[in-house]
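Asks: Below is the file final_17.txt, which contains compact mmCIF, C-alpha atoms and all ligand atoms.
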```txt
# COMPACT_ATOMS: atom_id res chain seq x y z
CA MET A 3 0.18 67.96 181.03
CA ILE A 4 -0.85 64.61 182.50
CA TYR A 5 -2.49 62.04 180.21
CA LYS A 6 -2.88 59.08 182.57
CA ARG A 7 -6.59 58.46 182.01
CA SER A 8 -6.21 58.80 178.24
CA SER A 9 -3.50 56.13 178.30
CA ALA A 10 -5.66 53.83 180.42
CA LEU A 11 -8.61 54.35 178.06
CA PHE A 12 -6.35 53.68 175.08
CA ALA A 13 -5.20 50.36 176.59
CA GLU A 14 -8.86 49.40 177.10
CA ALA A 15 -9.84 50.50 173.58
CA LYS A 16 -7.09 48.39 172.04
CA LYS A 17 -8.72 45.27 173.49
CA TYR A 18 -11.83 45.73 171.35
CA ILE A 19 -10.99 48.13 168.51
CA PRO A 20 -8.12 47.61 166.02
CA GLY A 21 -5.32 49.96 167.09
CA GLY A 22 -7.70 51.38 169.70
CA VAL A 23 -9.15 53.84 167.21
CA ASN A 24 -11.82 53.98 164.53
CA SER A 25 -9.63 55.97 162.18
CA PRO A 26 -5.85 55.37 162.02
CA VAL A 27 -4.66 58.97 161.94
CA ARG A 28 -6.02 59.44 165.50
CA ALA A 29 -3.64 56.83 166.92
CA PHE A 30 -0.54 59.08 167.28
CA LYS A 31 1.45 56.28 165.55
CA ALA A 32 3.48 58.81 163.56
CA VAL A 33 4.22 61.18 166.42
CA GLY A 34 4.56 58.56 169.19
CA GLY A 35 2.86 58.39 172.56
CA ASP A 36 -0.76 57.55 173.37
CA PRO A 37 -3.65 59.48 171.80
CA ILE A 38 -5.62 61.95 173.85
CA PHE A 39 -9.17 60.90 174.74
CA VAL A 40 -11.57 63.82 174.63
CA LYS A 41 -14.40 64.10 177.17
CA GLU A 42 -16.14 67.10 175.67
CA ALA A 43 -15.53 70.24 173.64
CA LYS A 44 -16.93 73.76 173.36
CA GLY A 45 -15.92 76.51 170.96
CA ALA A 46 -12.19 76.35 170.28
CA TYR A 47 -11.42 74.13 173.27
CA LEU A 48 -11.16 70.40 173.88
CA TYR A 49 -11.46 69.04 177.43
CA ASP A 50 -9.70 65.71 177.71
CA GLU A 51 -10.24 62.82 180.11
CA ASP A 52 -7.47 64.04 182.39
CA GLY A 53 -9.08 67.45 182.83
CA ASN A 54 -6.67 69.23 180.45
CA LYS A 55 -7.99 72.11 178.34
CA LEU A 56 -6.52 72.13 174.83
CA ILE A 57 -6.77 74.72 172.07
CA ASP A 58 -8.03 72.73 169.08
CA TYR A 59 -6.52 73.10 165.59
CA ILE A 60 -8.18 70.02 164.10
CA ALA A 61 -11.89 70.85 164.48
CA SER A 62 -12.66 67.16 163.95
CA TRP A 63 -10.54 67.35 160.73
CA GLY A 64 -12.61 70.21 159.38
CA PRO A 65 -16.34 70.03 160.28
CA MET A 66 -16.26 72.25 163.37
CA ILE A 67 -15.52 75.42 161.40
CA LEU A 68 -17.62 77.49 163.84
CA GLY A 69 -16.24 75.77 166.93
CA HIS A 70 -17.43 72.75 168.91
CA ALA A 71 -21.03 72.39 170.16
CA TYR A 72 -22.11 75.42 168.13
CA GLU A 73 -25.53 76.39 169.59
CA PRO A 74 -27.67 76.62 166.42
CA VAL A 75 -26.37 73.25 165.21
CA ILE A 76 -26.91 71.53 168.55
CA THR A 77 -30.43 72.96 168.87
CA ALA A 78 -31.29 71.78 165.35
CA ILE A 79 -30.05 68.26 166.13
CA ILE A 80 -31.95 68.04 169.44
CA ASP A 81 -35.20 69.34 167.93
CA LYS A 82 -34.97 66.98 164.99
CA ALA A 83 -33.99 63.94 167.07
CA LYS A 84 -37.20 64.26 169.09
CA LYS A 85 -39.16 63.62 165.89
CA GLY A 86 -37.17 60.56 164.85
CA THR A 87 -33.71 60.29 163.34
CA SER A 88 -34.09 58.29 160.12
CA PHE A 89 -36.97 56.82 158.14
CA GLY A 90 -35.53 55.45 154.91
CA MET A 91 -38.14 57.63 153.21
CA PRO A 92 -37.79 61.04 151.56
CA THR A 93 -38.07 64.05 153.86
CA GLU A 94 -38.42 67.77 153.12
CA ILE A 95 -35.21 68.72 154.91
CA GLU A 96 -33.12 66.85 152.32
CA SER A 97 -34.42 69.16 149.60
CA GLU A 98 -33.87 72.20 151.84
CA LEU A 99 -30.19 71.35 152.32
CA ALA A 100 -29.79 70.38 148.66
CA LYS A 101 -31.33 73.68 147.51
CA LEU A 102 -29.10 75.69 149.86
CA ALA A 103 -25.92 73.87 148.82
CA VAL A 104 -26.76 74.29 145.11
CA SER A 105 -27.36 78.01 145.69
CA MET A 106 -23.95 78.42 147.37
CA VAL A 107 -21.74 76.36 145.05
CA PRO A 108 -21.12 77.34 141.40
CA ASN A 109 -21.58 74.97 138.41
CA ILE A 110 -23.83 72.43 140.09
CA ASP A 111 -27.55 71.80 139.50
CA LYS A 112 -28.10 68.66 141.60
CA ILE A 113 -26.50 67.02 144.63
CA ARG A 114 -26.74 63.50 146.12
CA PHE A 115 -26.12 63.04 149.84
CA VAL A 116 -24.12 60.11 151.21
CA ASN A 117 -22.51 59.42 154.60
CA SER A 118 -18.82 60.26 154.22
CA GLY A 119 -16.28 61.93 152.00
CA THR A 120 -15.07 58.49 150.94
CA GLU A 121 -18.54 57.54 149.73
CA ALA A 122 -18.85 60.88 147.94
CA CYS A 123 -15.57 60.47 146.03
CA MET A 124 -16.15 56.79 145.30
CA SER A 125 -19.63 57.52 143.93
CA ALA A 126 -18.41 60.52 141.90
CA VAL A 127 -15.80 58.36 140.15
CA ARG A 128 -18.35 55.64 139.40
CA LEU A 129 -20.71 58.26 137.97
CA ALA A 130 -17.88 59.74 135.87
CA ARG A 131 -17.06 56.29 134.49
CA GLY A 132 -20.72 55.55 133.82
CA TYR A 133 -21.31 58.93 132.17
CA THR A 134 -18.21 58.90 129.94
CA GLY A 135 -18.06 55.14 129.30
CA LYS A 136 -14.33 55.27 130.10
CA ASP A 137 -12.50 53.36 132.87
CA LYS A 138 -9.32 55.14 133.91
CA ILE A 139 -8.84 57.99 136.37
CA ILE A 140 -5.88 60.21 137.19
CA LYS A 141 -5.18 61.10 140.81
CA PHE A 142 -2.22 62.91 142.32
CA ALA A 143 0.44 61.48 144.61
CA GLY A 144 -0.26 62.63 148.15
CA CYS A 145 -3.90 63.47 147.57
CA TYR A 146 -6.39 61.54 149.68
CA HIS A 147 -9.94 60.95 148.52
CA GLY A 148 -11.00 58.51 151.23
CA HIS A 149 -10.26 54.83 151.60
CA SER A 150 -12.06 53.24 148.64
CA ASP A 151 -9.82 50.96 146.59
CA SER A 152 -9.32 53.19 143.55
CA PHE A 153 -7.81 55.93 145.67
CA LEU A 154 -5.37 54.03 147.88
CA ILE A 155 -2.59 54.51 145.36
CA GLN A 156 0.09 56.88 146.66
CA ALA A 157 -2.62 58.33 148.92
CA GLY A 158 -1.98 61.06 151.46
CA SER A 159 -3.24 61.66 155.00
CA GLY A 160 -3.21 58.57 157.20
CA ALA A 161 -2.11 56.35 154.32
CA VAL A 162 1.24 58.12 153.90
CA THR A 163 1.52 58.77 157.64
CA PHE A 164 1.88 55.03 158.13
CA GLY A 165 3.95 54.55 154.98
CA SER A 166 1.26 52.46 153.32
CA PRO A 167 0.21 54.72 150.44
CA ASN A 168 -0.63 51.60 148.44
CA SER A 169 -2.72 49.50 150.79
CA PRO A 170 -2.65 45.70 150.69
CA GLY A 171 -6.06 44.46 149.62
CA VAL A 172 -6.22 46.76 146.61
CA THR A 173 -6.10 44.42 143.60
CA GLN A 174 -3.96 44.95 140.53
CA GLY A 175 -7.21 44.93 138.58
CA THR A 176 -8.28 48.04 140.42
CA ALA A 177 -4.90 49.74 140.63
CA LYS A 178 -4.35 49.51 136.86
CA ASP A 179 -7.18 51.96 136.26
CA THR A 180 -5.75 54.57 138.62
CA LEU A 181 -3.00 56.60 136.97
CA LEU A 182 -0.73 58.73 139.12
CA ALA A 183 0.75 62.18 138.49
CA GLY A 184 2.64 64.71 140.62
CA TYR A 185 0.68 67.61 142.08
CA ASN A 186 1.48 70.87 140.25
CA ASN A 187 2.98 68.83 137.39
CA LEU A 188 0.89 69.46 134.27
CA GLU A 189 3.51 67.81 132.06
CA GLU A 190 3.01 64.45 133.77
CA VAL A 191 -0.76 64.78 133.36
CA ASN A 192 -0.39 65.55 129.65
CA ALA A 193 1.88 62.54 129.23
CA LEU A 194 -0.63 60.24 130.93
CA VAL A 195 -3.51 61.61 128.84
CA ASN A 196 -1.52 61.11 125.61
CA ALA A 197 -0.51 57.59 126.62
CA ASN A 198 -4.11 56.68 127.46
CA LYS A 199 -5.97 58.52 124.70
CA GLY A 200 -9.73 58.19 124.99
CA GLU A 201 -9.54 55.96 128.10
CA ILE A 202 -9.61 58.49 130.94
CA ALA A 203 -13.00 59.18 132.53
CA ALA A 204 -11.89 61.69 135.15
CA ILE A 205 -9.12 63.55 136.86
CA ILE A 206 -9.80 63.83 140.59
CA ILE A 207 -7.90 66.39 142.62
CA GLU A 208 -7.89 68.17 145.94
CA PRO A 209 -8.07 71.68 144.42
CA VAL A 210 -6.15 72.96 147.43
CA ALA A 211 -4.43 69.89 148.83
CA GLY A 212 -4.66 69.24 152.55
CA ASN A 213 -3.48 65.65 152.89
CA MET A 214 0.23 66.14 152.39
CA GLY A 215 0.08 69.20 154.55
CA CYS A 216 -1.49 72.17 152.77
CA ILE A 217 -0.32 72.53 149.17
CA VAL A 218 -1.61 75.29 146.91
CA PRO A 219 -1.93 74.65 143.17
CA THR A 220 -0.16 77.03 140.81
CA ASP A 221 -2.56 79.00 138.63
CA ALA A 222 -1.04 77.48 135.50
CA PHE A 223 -1.49 73.95 136.85
CA ILE A 224 -5.11 74.14 137.93
CA LYS A 225 -6.20 76.16 134.86
CA GLY A 226 -4.18 73.83 132.64
CA LEU A 227 -6.06 70.85 134.09
CA ARG A 228 -9.35 72.56 133.26
CA GLU A 229 -8.32 73.22 129.65
CA LEU A 230 -6.98 69.68 129.20
CA CYS A 231 -10.16 68.09 130.59
CA THR A 232 -12.33 70.22 128.33
CA ALA A 233 -10.25 69.35 125.27
CA GLU A 234 -10.12 65.62 126.02
CA ARG A 235 -13.71 65.15 127.31
CA ILE A 236 -12.39 64.15 130.71
CA LEU A 237 -14.44 65.09 133.76
CA LEU A 238 -12.57 67.31 136.23
CA ILE A 239 -13.61 66.28 139.75
CA PHE A 240 -12.79 68.71 142.57
CA ASP A 241 -12.62 66.78 145.82
CA GLU A 242 -13.83 69.57 148.11
CA VAL A 243 -14.37 67.39 151.17
CA MET A 244 -11.90 69.71 152.95
CA THR A 245 -12.20 72.95 150.98
CA GLY A 246 -15.97 72.91 150.46
CA PHE A 247 -17.77 75.49 152.63
CA ARG A 248 -14.38 76.19 154.28
CA LEU A 249 -12.63 78.40 151.70
CA GLY A 250 -15.87 80.31 151.10
CA LYS A 251 -19.49 79.70 150.12
CA GLY A 252 -18.36 78.47 146.70
CA GLY A 253 -15.31 76.60 148.00
CA ALA A 254 -12.24 76.16 145.83
CA GLN A 255 -14.10 76.67 142.54
CA GLU A 256 -14.87 80.20 143.65
CA ALA A 257 -11.52 80.81 145.38
CA LEU A 258 -9.47 79.59 142.38
CA GLY A 259 -11.83 80.77 139.64
CA VAL A 260 -11.92 77.32 138.03
CA ALA A 261 -15.12 75.41 137.20
CA ALA A 262 -15.13 71.70 138.00
CA ASP A 263 -17.39 69.18 136.24
CA MET A 264 -18.16 67.41 139.52
CA VAL A 265 -17.60 68.39 143.14
CA THR A 266 -17.50 66.20 146.24
CA PHE A 267 -18.18 67.32 149.79
CA GLY A 268 -17.89 66.09 153.37
CA LYS A 269 -16.94 67.49 156.79
CA VAL A 270 -18.50 70.99 157.04
CA ILE A 271 -21.60 70.05 154.98
CA GLY A 272 -22.66 67.69 157.79
CA GLY A 273 -22.10 70.17 160.64
CA GLY A 274 -20.33 67.41 162.58
CA LEU A 275 -22.71 64.56 161.69
CA PRO A 276 -21.91 62.00 158.97
CA VAL A 277 -22.73 63.65 155.64
CA GLY A 278 -20.91 63.48 152.32
CA ALA A 279 -22.21 64.62 148.96
CA PHE A 280 -21.37 64.78 145.28
CA ALA A 281 -22.77 67.25 142.81
CA ALA A 282 -22.66 68.27 139.15
CA LYS A 283 -24.76 69.70 136.36
CA GLU A 284 -28.11 67.98 135.72
CA GLU A 285 -26.78 66.44 132.47
CA ILE A 286 -24.35 64.32 134.54
CA MET A 287 -26.39 63.79 137.73
CA ASN A 288 -29.38 62.48 135.80
CA HIS A 289 -27.29 59.40 134.96
CA LEU A 290 -27.66 58.34 138.60
CA ALA A 291 -30.23 55.76 139.73
CA PRO A 292 -33.18 55.83 139.93
CA ASP A 293 -33.35 58.13 136.85
CA GLY A 294 -30.24 56.75 135.18
CA PRO A 295 -28.23 53.52 135.04
CA VAL A 296 -25.38 54.37 137.43
CA TYR A 297 -26.23 52.72 140.73
CA GLN A 298 -25.51 54.34 144.10
CA ALA A 299 -27.45 54.00 147.37
CA GLY A 300 -27.32 54.27 151.17
CA THR A 301 -29.58 53.35 154.08
CA LEU A 302 -28.81 56.48 156.06
CA SER A 303 -28.09 58.81 153.15
CA GLY A 304 -29.87 62.12 153.73
CA ASN A 305 -31.20 61.05 157.13
CA PRO A 306 -33.05 63.97 158.70
CA LEU A 307 -30.87 64.11 161.81
CA ALA A 308 -27.65 64.63 159.82
CA MET A 309 -29.47 66.94 157.41
CA SER A 310 -30.60 69.11 160.33
CA ALA A 311 -26.98 69.61 161.43
CA GLY A 312 -25.83 70.32 157.88
CA LEU A 313 -28.68 72.73 157.22
CA ALA A 314 -28.01 74.66 160.44
CA MET A 315 -24.29 74.86 159.61
CA LEU A 316 -24.67 75.95 155.99
CA THR A 317 -27.40 78.43 156.92
CA GLU A 318 -24.98 80.07 159.39
CA LEU A 319 -22.22 80.23 156.78
CA ASN A 320 -24.53 81.45 154.04
CA THR A 321 -26.00 84.26 156.13
CA ASN A 322 -22.68 85.27 157.73
CA PRO A 323 -20.08 84.91 154.92
CA GLU A 324 -17.79 87.30 156.78
CA ILE A 325 -16.85 84.22 158.82
CA PHE A 326 -14.63 83.06 155.94
CA ASP A 327 -12.73 86.32 155.92
CA SER A 328 -12.41 86.29 159.70
CA LEU A 329 -10.98 82.76 159.54
CA ALA A 330 -8.55 83.67 156.76
CA LYS A 331 -7.30 86.68 158.76
CA LYS A 332 -6.80 84.54 161.89
CA THR A 333 -4.88 81.99 159.83
CA ALA A 334 -2.65 84.72 158.37
CA PHE A 335 -1.99 86.02 161.90
CA LEU A 336 -1.04 82.53 163.06
CA HIS A 337 1.16 82.05 159.98
CA GLU A 338 3.10 85.24 160.71
CA GLY A 339 3.50 84.46 164.40
CA ILE A 340 4.65 80.85 163.98
CA GLY A 341 6.99 81.92 161.18
CA LYS A 342 8.61 84.62 163.32
CA ALA A 343 8.95 82.24 166.30
CA LEU A 344 10.65 79.53 164.21
CA GLU A 345 12.90 82.07 162.48
CA LYS A 346 14.02 83.39 165.86
CA LYS A 347 14.90 79.81 166.87
CA GLY A 348 16.77 79.27 163.60
CA VAL A 349 14.61 76.24 162.70
CA PRO A 350 14.38 75.65 158.90
CA HIS A 351 10.70 75.52 157.96
CA GLN A 352 8.09 76.23 155.30
CA ILE A 353 4.56 77.36 156.11
CA ASN A 354 1.90 76.78 153.45
CA ARG A 355 -1.45 78.51 153.77
CA PHE A 356 -4.66 79.02 151.83
CA GLY A 357 -7.73 80.52 153.48
CA SER A 358 -8.09 78.78 156.83
CA MET A 359 -5.90 75.82 155.86
CA ILE A 360 -2.28 75.96 157.00
CA SER A 361 0.61 73.54 157.57
CA VAL A 362 4.14 73.77 158.96
CA HIS A 363 6.86 71.71 157.21
CA PHE A 364 10.34 71.29 158.73
CA THR A 365 12.36 71.57 155.55
CA ASP A 366 14.18 74.43 153.86
CA GLU A 367 12.79 73.49 150.43
CA PRO A 368 9.45 74.85 149.20
CA VAL A 369 6.71 72.22 149.62
CA VAL A 370 4.87 72.06 146.31
CA ASP A 371 4.05 68.36 145.93
CA PHE A 372 4.19 64.96 147.62
CA ALA A 373 7.91 64.45 146.92
CA SER A 374 8.86 67.75 148.57
CA SER A 375 6.37 67.21 151.40
CA VAL A 376 7.94 63.88 152.44
CA LYS A 377 11.34 65.58 152.69
CA GLY A 378 10.16 67.26 155.89
CA ASN A 379 12.11 66.36 159.03
CA ASN A 380 9.67 64.11 160.87
CA GLU A 381 11.86 63.99 163.96
CA ARG A 382 11.57 67.75 164.25
CA PHE A 383 7.83 67.57 163.50
CA ASN A 384 7.32 65.16 166.40
CA THR A 385 9.30 67.40 168.76
CA TYR A 386 7.12 70.31 167.65
CA PHE A 387 3.88 68.32 167.99
CA HIS A 388 4.62 67.11 171.53
CA GLY A 389 6.21 70.40 172.56
CA MET A 390 2.95 72.15 171.63
CA LEU A 391 0.72 69.45 173.11
CA ASN A 392 2.53 69.71 176.44
CA GLN A 393 1.56 73.38 176.43
CA GLY A 394 -2.09 72.66 175.72
CA ILE A 395 -2.06 73.20 171.95
CA TYR A 396 -3.61 70.33 169.97
CA LEU A 397 -2.20 70.12 166.42
CA PRO A 398 -2.80 67.39 163.80
CA PRO A 399 -0.72 64.34 164.89
CA SER A 400 0.85 63.96 161.45
CA ALA A 401 3.09 66.03 159.17
CA PHE A 402 0.77 65.09 156.31
CA GLU A 403 -2.28 66.98 157.46
CA SER A 404 -3.42 70.58 157.51
CA TYR A 405 -4.53 72.56 160.53
CA PHE A 406 -8.21 73.43 160.39
CA LEU A 407 -8.95 76.71 162.14
CA ASN A 408 -12.36 77.32 163.66
CA ASP A 409 -13.89 80.75 164.06
CA ALA A 410 -14.30 80.35 167.81
CA LEU A 411 -10.50 80.80 168.11
CA SER A 412 -9.76 84.21 169.65
CA TYR A 413 -6.68 86.26 168.92
CA ALA A 414 -5.68 85.54 172.52
CA ASP A 415 -5.77 81.82 171.66
CA LEU A 416 -3.62 82.50 168.59
CA GLU A 417 -1.15 84.53 170.66
CA GLU A 418 -0.99 81.71 173.24
CA THR A 419 -0.27 79.29 170.39
CA ILE A 420 2.51 81.48 169.00
CA ALA A 421 4.01 81.90 172.47
CA ALA A 422 4.00 78.11 172.84
CA VAL A 423 6.05 77.75 169.63
CA GLU A 424 8.66 80.05 171.17
CA LYS A 425 8.95 77.68 174.13
CA VAL A 426 9.42 74.43 172.14
CA THR A 427 12.94 73.07 172.49
CA PHE A 428 14.00 71.61 169.15
P1 LIG B 1 -14.10 60.70 155.03
O1 LIG B 1 -14.49 59.38 154.40
O2 LIG B 1 -12.99 60.53 156.05
O3 LIG B 1 -15.31 61.46 155.54
O4 LIG B 1 -13.53 61.65 153.88
C1 LIG B 1 -12.46 61.18 153.09
C2 LIG B 1 -11.73 62.39 152.49
C3 LIG B 1 -11.92 62.67 151.15
N1 LIG B 1 -11.32 63.73 150.58
C4 LIG B 1 -10.51 64.55 151.30
C5 LIG B 1 -9.86 65.72 150.62
C6 LIG B 1 -10.28 64.29 152.68
O5 LIG B 1 -9.46 65.11 153.37
C7 LIG B 1 -10.91 63.20 153.29
C8 LIG B 1 -10.70 62.86 154.75
N2 LIG B 1 -9.75 63.65 155.44
C9 LIG B 1 -9.06 63.01 156.54
C10 LIG B 1 -8.10 64.04 157.15
N3 LIG B 1 -7.06 64.35 156.26
C11 LIG B 1 -10.00 62.45 157.54
C12 LIG B 1 -9.39 62.09 158.87
C13 LIG B 1 -9.40 60.60 159.09
O6 LIG B 1 -9.09 59.84 158.14
O7 LIG B 1 -9.69 60.22 160.25
```
Could you spell out this file's structure in structure tokens?
Replies:
Amino acid sequence: MIYKRSSALFAEAKKYIPGGVNSPVRAFKAVGGDPIFVKEAKGAYLYDEDGNKLIDYIASWGPMILGHAYEPVITAIIDKAKKGTSFGMPTEIESELAKLAVSMVPNIDKIRFVNSGTEACMSAVRLARGYTGKDKIIKFAGCYHGHSDSFLIQAGSGAVTFGSPNSPGVTQGTAKDTLLAGYNNLEEVNALVNANKGEIAAIIIEPVAGNMGCIVPTDAFIKGLRELCTAERILLIFDEVMTGFRLGKGGAQEALGVAADMVTFGKVIGGGLPVGAFAAKEEIMNHLAPDGPVYQAGTLSGNPLAMSAGLAMLTELNTNPEIFDSLAKKTAFLHEGIGKALEKKGVPHQINRFGSMISVHFTDEPVVDFASSVKGNNERFNTYFHGMLNQGIYLPPSAFESYFLNDALSYADLEETIAAVEKVTF
């Protein structure tokens, strides 16, 4: 595959945009080489600036669950745009999307729209602190909840990809209120709660982690968190920016059978336009301005253009829930095929999977938390990434991400992907 034009565009971009990208994980820093510039996309395929066709396993990091340029979403955006894109005034479509989301997701009565997953998680933590009157939060090493200060402590995704899990610029004053535990380690959480009795407002978690690769919680861990939060009057926040409307209508709460006190969303809920959201029971949400004292706001929050994309997307998923099963089956097929191909090549690996989230780790140890995830052989990951890219398969350019399958992927695409693994020279 030739990437000449992408490289030229990258050189140009670097003159005006830090690192040539508007989000670090796109920069290929971890895997080496220049990032691919996309010209357009349709269904499961990306068409880059050098005329290459790539099978896409990122789906814009989750939103494009039905494939790129999905007709009903595009039509909704075009129709809405003709009537104006944002007014800074309430519109009916905000209530339509809110009502639909509340009907799909368990344990929530009200939802507030924002413009990104970061904003959703940041606002949810502020609301939890305002509601409980307590300051501290517990997060898990390797989990990523966006780039607001409280979360850039041992964060996953791009933060760990560039080895800066604790970003400069985050003050000690902020960091002291973020306590850190190991994923799947209930003992560490109990110890933190006992050492900070009555001071912890919330525990925020990726209920199925996706930002250290895909890591599935043990039943005992996730149910233990629920019991502990109930006993200690700590709010359990499920960061479902990735899992929401991807694992099923009810997301991880439904898939795991665990009720969260607050849930955050992003990605799929916006249908590819910038939408984040946070939601909870009325008792908590009514503490938000303008009804309550906890302030949160946004010029473009709930803008009708983004709402139209989100409403079209969630309507599709709500009326065709078999999509989730179809995606899970495709992911299982891919899992089996990649596993067999790597076994045949004698390459030590672990494949973690949950629903349509999957990740390949080049280690012979089970990957159950951040510590075991970073033991992966990055050298081998980079060989795999470029070996696949050179065969037209676009995987996440970091070992600390999950693949996001889209339902436009055919079994022929999956078979082509598996065949490509067989041809990678490690
Ligand atoms: P955004 O602010 O990027 O919309 O959402 C932040 C966020 C919050 N919570 C979870 C569980 C997330 O996965 C994310 C964002 N995910 C990354 C991919 N791992 C976004 C990709 C990027 O940073 O460019």
Asks: As a count of residues only, please: the residues near region 56-70 of chain A (cut-off 7 Å, all atoms listed in the file, same-chain neighbours under 4 positions excluded).
Replies: 23
Asks: Could you list, as a tab-separated table (two decimals) with C-alpha atoms, in the frame of the given file, all protein and nucleic acid residues with an atom at most 9 Å from ligand LIG 1 (chain B), counting all atoms listed in the file?
Replies:
```
chain	number	residue	atom	x	y	z
A	24	ASN	CA	-11.82	53.98	164.53
A	25	SER	CA	-9.63	55.97	162.18
A	26	PRO	CA	-5.85	55.37	162.02
A	27	VAL	CA	-4.66	58.97	161.94
A	28	ARG	CA	-6.02	59.44	165.50
A	62	SER	CA	-12.66	67.16	163.95
A	63	TRP	CA	-10.54	67.35	160.73
A	64	GLY	CA	-12.61	70.21	159.38
A	117	ASN	CA	-22.51	59.42	154.60
A	118	SER	CA	-18.82	60.26	154.22
A	119	GLY	CA	-16.28	61.93	152.00
A	120	THR	CA	-15.07	58.49	150.94
A	121	GLU	CA	-18.54	57.54	149.73
A	122	ALA	CA	-18.85	60.88	147.94
A	123	CYS	CA	-15.57	60.47	146.03
A	145	CYS	CA	-3.90	63.47	147.57
A	146	TYR	CA	-6.39	61.54	149.68
A	147	HIS	CA	-9.94	60.95	148.52
A	148	GLY	CA	-11.00	58.51	151.23
A	149	HIS	CA	-10.26	54.83	151.60
A	150	SER	CA	-12.06	53.24	148.64
A	158	GLY	CA	-1.98	61.06	151.46
A	159	SER	CA	-3.24	61.66	155.00
A	160	GLY	CA	-3.21	58.57	157.20
A	161	ALA	CA	-2.11	56.35	154.32
A	207	ILE	CA	-7.90	66.39	142.62
A	208	GLU	CA	-7.89	68.17	145.94
A	209	PRO	CA	-8.07	71.68	144.42
A	210	VAL	CA	-6.15	72.96	147.43
A	211	ALA	CA	-4.43	69.89	148.83
A	212	GLY	CA	-4.66	69.24	152.55
A	213	ASN	CA	-3.48	65.65	152.89
A	214	MET	CA	0.23	66.14	152.39
A	215	GLY	CA	0.08	69.20	154.55
A	241	ASP	CA	-12.62	66.78	145.82
A	242	GLU	CA	-13.83	69.57	148.11
A	243	VAL	CA	-14.37	67.39	151.17
A	244	MET	CA	-11.90	69.71	152.95
A	245	THR	CA	-12.20	72.95	150.98
A	266	THR	CA	-17.50	66.20	146.24
A	267	PHE	CA	-18.18	67.32	149.79
A	268	GLY	CA	-17.89	66.09	153.37
A	269	LYS	CA	-16.94	67.49	156.79
A	276	PRO	CA	-21.91	62.00	158.97
A	277	VAL	CA	-22.73	63.65	155.64
A	278	GLY	CA	-20.91	63.48	152.32
A	402	PHE	CA	0.77	65.09	156.31
A	403	GLU	CA	-2.28	66.98	157.46
A	404	SER	CA	-3.42	70.58	157.51
```
Asks: For CA of Ser8 (chain A) and CA of Lys41 (chain A), determine how far apart the two atoms are, in Å to one decimal place.
Replies: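 CA of Lys41 (chain A) lies 9.8 Å from CA of Ser8 (chain A).
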Asks: Using all atoms listed in the file, which of the listed residues (A:Ile95, A:Leu154, A:Val195, A:Leu249) sits closest to Glu324 (chain A)?
Replies: A:Leu249
Asks: Ranking A:Val107, A:Leu99, A:Ala32, A:Phe372 by minimum distance to Ala157 (chain A) and counting all atoms listed in the file, which one comes first?
Replies: A:Phe372
Asks: Compare A:Ala334, A:Cys231, A:Met91, A:Ala262 by their minimum atom-to-atom distance to Pro108 (chain A), counting all atoms listed in the file, and give me the closest one.
Replies: A:Ala262
Asks: What does the structure give for the distance between CA of Ala203 (chain A) and CA of Ser152 (chain A), in Å to one decimal?
Replies: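 Pair CA of Ala203 (chain A) / CA of Ser152 (chain A) returns 13.1 Å.
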Asks: Go ahead and compute the interatomic distance for CA of Lys199 (chain A) and CA of Phe240 (chain A), in Å to one decimal.
Replies: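 A separation of 21.7 Å between them.
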Asks: List the neighbours of region 291-302 of chain A out to 10 Å using all atoms listed in the file; skip same-chain residues closer than 5 positions along the sequence, and give me the result as a list in words.
Replies: Thr87, Ser88, Phe89, Gly90, Met91, Arg114, Phe115, Val116, Asn117, Glu121, Met124, Ser125, Ala126, Arg128, Leu129, Ala130, Arg131, Gly132, Tyr133, Pro276, Val277, Ile286, Leu307 and Ala308 of chain A
Asks: From the options A:Gly53, A:Ile420, A:Met359, A:Asp371, which residue's atoms come nearest to Asn186 (chain A), counting only C-alpha atoms?
Replies: A:Asp371
Asks: If we count all atoms listed in the file, what is near Val426 (chain A) at a cut-off of 10 Å, once residues fewer than 4 positions away on the same chain are taken out, given as an MDAnalysis selection string?
Replies: chainID A and resid 343:344 347 385:390 392:393 421:422
Asks: Find the spatial neighbours of Ile155 (chain A), counting all atoms listed in the file, within a cut-off of 9 Å - ignore same-chain residues fewer than 3 positions away - and output them as a list in words.
Replies: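 These residues fall inside the cut-off: Lys141, Phe142, Ala143, Gly144, Asp151, Ser152, Gly158, Pro167, Asn168, Ser169, Val172, Ala177, Thr180, Leu181 and Leu182 of chain A.
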Asks: Up to 12 Å from (-16.8, 85.6, 153.9) in the file's coordinates: name the residues, counting only C-alpha atoms, as a ChimeraX atom specification.
Replies: /A:247-253,256-257,318-331,357-358,409
